[in-house]
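Structure, as structure tokens:
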Amino acid sequence: MKKIISLVLVALIAVSCVMGLTACGGSKTAEVKELHMATNAAFEPYEYYKNKKIVGIDAEIAQAICDKLGYKLVIDDMDFDAIITAVTSGKADFGMAGMTVTDERKKAVDFTDSYTTTTQVIIVNEKDSKVKNADDLETATIGVQRGTTGDVYVSDLKKAKIERFNTGPDAVLALTKGKVDAVVIDGQPAKEFVKKNAGTKILSDPFAKEEYAICLAKNSDLTAEFNKALGELKKDGTIDKINAKYIKE
Ligand code: GLN
């Protein structure tokens, strides 16, 4: 009886192996290498949730790169200021989050060629704003997303008070509640935040100009592969097409 049971078991396992129900030995999925992308999915139109899925310009460019290079893309959502550590520790293979190329970050990670040029802007309340231009920031209470370039710029203002938030939407919420006088953040997400928060507006004073790129571990072999794929996607119009899909103006 025992013998029959073990024979049946062996047969069952064999069948389920063939059907792919059980991971047996060299599993099939091992053939396609997964790449983990670290991001902060609260940054429309670059990365945000739609129907419980992370979508956006960065998500689509990353997918196009992985498709070209034959990798399976896995997106890991985390706080913005955790992304570089995720990449340097090897927890993630790359970081992509509307991330600005800075000399400070270059000490920790390598960047690909840039894929977007953008600016930082100032968001204020339409009514009775204490901040009417960039100079007014000097003595204001300013909301920023922790660890971003916006945070770095305003941290230079000696008399300003800085409130740091985990996400851009949290900073804008504080503005609408009158807890901060202004929010300094990237131009394109700022437009989305203003659309969703009646009574807020973007000041016409532009702030710093910036370049977005993908960050990878220092001296990673992937950087050259990514640059090649990115170059092809720029040339064949894919990057423009993805941008146009999410930025309508
Ligand atoms: N571009 C800014 C930076 O790199 C903000 C990015 C973000 O908040 N996702 O710091």
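Convention: chains lettered A, B, ... in structure tokens order; per-chain residue numbering from 1; ligands numbered from 1 as shown.
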At a cut-off of 12 Å, using only C-alpha atoms, what residues contact Lys177 in chain A? Leave out same-chain residues fewer than 6 positions from it and give the result as a ChimeraX atom specification. /A:124-125,143,170-171,197-200
Using only N, CA, C and O atoms, please write the residues we just selected to a file, as a PDB file, in the first residue's frame.
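again.pdb, freshly written:
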```pdb
ATOM      1  N   VAL A 124       1.724  77.783  -4.501  1.00  0.00           N
ATOM      2  CA  VAL A 124       1.190  78.561  -3.376  1.00  0.00           C
ATOM      3  C   VAL A 124      -0.335  78.494  -3.394  1.00  0.00           C
ATOM      4  O   VAL A 124      -0.929  78.018  -4.364  1.00  0.00           O
ATOM      5  N   ASN A 125      -0.955  79.006  -2.329  1.00  0.00           N
ATOM      6  CA  ASN A 125      -2.413  79.150  -2.325  1.00  0.00           C
ATOM      7  C   ASN A 125      -2.766  80.391  -3.125  1.00  0.00           C
ATOM      8  O   ASN A 125      -2.056  81.402  -3.055  1.00  0.00           O
ATOM      9  N   GLY A 143       7.185  73.779   2.272  1.00  0.00           N
ATOM     10  CA  GLY A 143       6.991  72.328   2.280  1.00  0.00           C
ATOM     11  C   GLY A 143       7.746  71.687   1.121  1.00  0.00           C
ATOM     12  O   GLY A 143       7.717  72.206   0.007  1.00  0.00           O
ATOM     13  N   ASP A 170       1.579  64.900   0.132  1.00  0.00           N
ATOM     14  CA  ASP A 170       1.521  65.273   1.557  1.00  0.00           C
ATOM     15  C   ASP A 170       1.911  66.739   1.743  1.00  0.00           C
ATOM     16  O   ASP A 170       1.318  67.461   2.547  1.00  0.00           O
ATOM     17  N   ALA A 171       2.933  67.182   1.000  1.00  0.00           N
ATOM     18  CA  ALA A 171       3.392  68.573   1.103  1.00  0.00           C
ATOM     19  C   ALA A 171       2.308  69.529   0.609  1.00  0.00           C
ATOM     20  O   ALA A 171       2.037  70.556   1.231  1.00  0.00           O
ATOM     21  N   ASN A 197      -5.985  70.085  -6.472  1.00  0.00           N
ATOM     22  CA  ASN A 197      -6.210  70.870  -5.265  1.00  0.00           C
ATOM     23  C   ASN A 197      -6.671  72.275  -5.629  1.00  0.00           C
ATOM     24  O   ASN A 197      -5.847  73.171  -5.837  1.00  0.00           O
ATOM     25  N   ALA A 198      -7.978  72.456  -5.696  1.00  0.00           N
ATOM     26  CA  ALA A 198      -8.541  73.760  -6.044  1.00  0.00           C
ATOM     27  C   ALA A 198      -8.011  74.791  -5.064  1.00  0.00           C
ATOM     28  O   ALA A 198      -7.827  74.506  -3.879  1.00  0.00           O
ATOM     29  N   GLY A 199      -7.743  76.004  -5.583  1.00  0.00           N
ATOM     30  CA  GLY A 199      -7.267  77.066  -4.698  1.00  0.00           C
ATOM     31  C   GLY A 199      -5.747  77.153  -4.624  1.00  0.00           C
ATOM     32  O   GLY A 199      -5.209  77.994  -3.920  1.00  0.00           O
ATOM     33  N   THR A 200      -5.051  76.287  -5.360  1.00  0.00           N
ATOM     34  CA  THR A 200      -3.594  76.376  -5.403  1.00  0.00           C
ATOM     35  C   THR A 200      -3.164  76.762  -6.820  1.00  0.00           C
ATOM     36  O   THR A 200      -3.911  76.565  -7.776  1.00  0.00           O
TER      37      THR A 200
END
```
Within 8 Å of ligand 1 (counting only C-alpha atoms and all ligand atoms), which residues show up? I'd like them as a PyMOL selection string. chain A and resi 39-43+80+97-101+120+145+147-151+167-168+185-186+210+212
Excluding range 52-56 of chain A and its own-chain neighbours fewer than 2 positions away, which residues fall within 10 Å of it when counting only C-alpha atoms? Please give them as an MDAnalysis selection string. chainID A and resid 39:50 58:62 75:77 242:243 245:246
Select from range 12-109 of chain A every residue with an atom at most 10 Å from any atom of range 218-225 of chain A, then for each give the shortest pair of atoms and their distance in Å to one decimal, using only C-alpha atoms, rows by chain and rising number, as CSV.
```
residue,atom,partner,partner_atom,distance
A:Ile65,CA,A:Glu225,CA,9.0
A:Cys66,CA,A:Glu225,CA,10.0
A:Lys68,CA,A:Glu225,CA,9.7
A:Leu69,CA,A:Glu225,CA,7.5
A:Val87,CA,A:Lys218,CA,9.3
A:Thr88,CA,A:Lys218,CA,7.7
A:Asp93,CA,A:Leu222,CA,8.6
A:Phe94,CA,A:Leu222,CA,8.9
A:Lys106,CA,A:Lys218,CA,8.7
A:Lys107,CA,A:Lys218,CA,8.8
A:Ala108,CA,A:Lys218,CA,7.1
A:Val109,CA,A:Lys218,CA,5.0
```
Which is closest to Asp156 in chain A among A:Lys235, A:Val172, A:Ser114, A:Thr139, if we use only C-alpha atoms? A:Thr139
Which residues in range 59-177 of chain A does DSSP call helix (DSSP H, G or I)? List them as a ChimeraX atom specification. /A:59-69,80-88,103-106,134-139,149-155,168-176
Name the residues of range 40-233 of chain A that fall into strand (DSSP E) according to DSSP on the backbone, using the chain letters and numbers of this document, as number ranges by chain. A: 42-43, 47-50, 53-55, 72-77, 94-95, 109-111, 116-125, 141-145, 161-165, 182-186, 200-202, 209-212, 215-217
Using only C-alpha atoms: which of A:Lys196, A:His36, A:Thr176, A:Ile57 has the shortest distance to Ala244 in chain A: A:Ile57
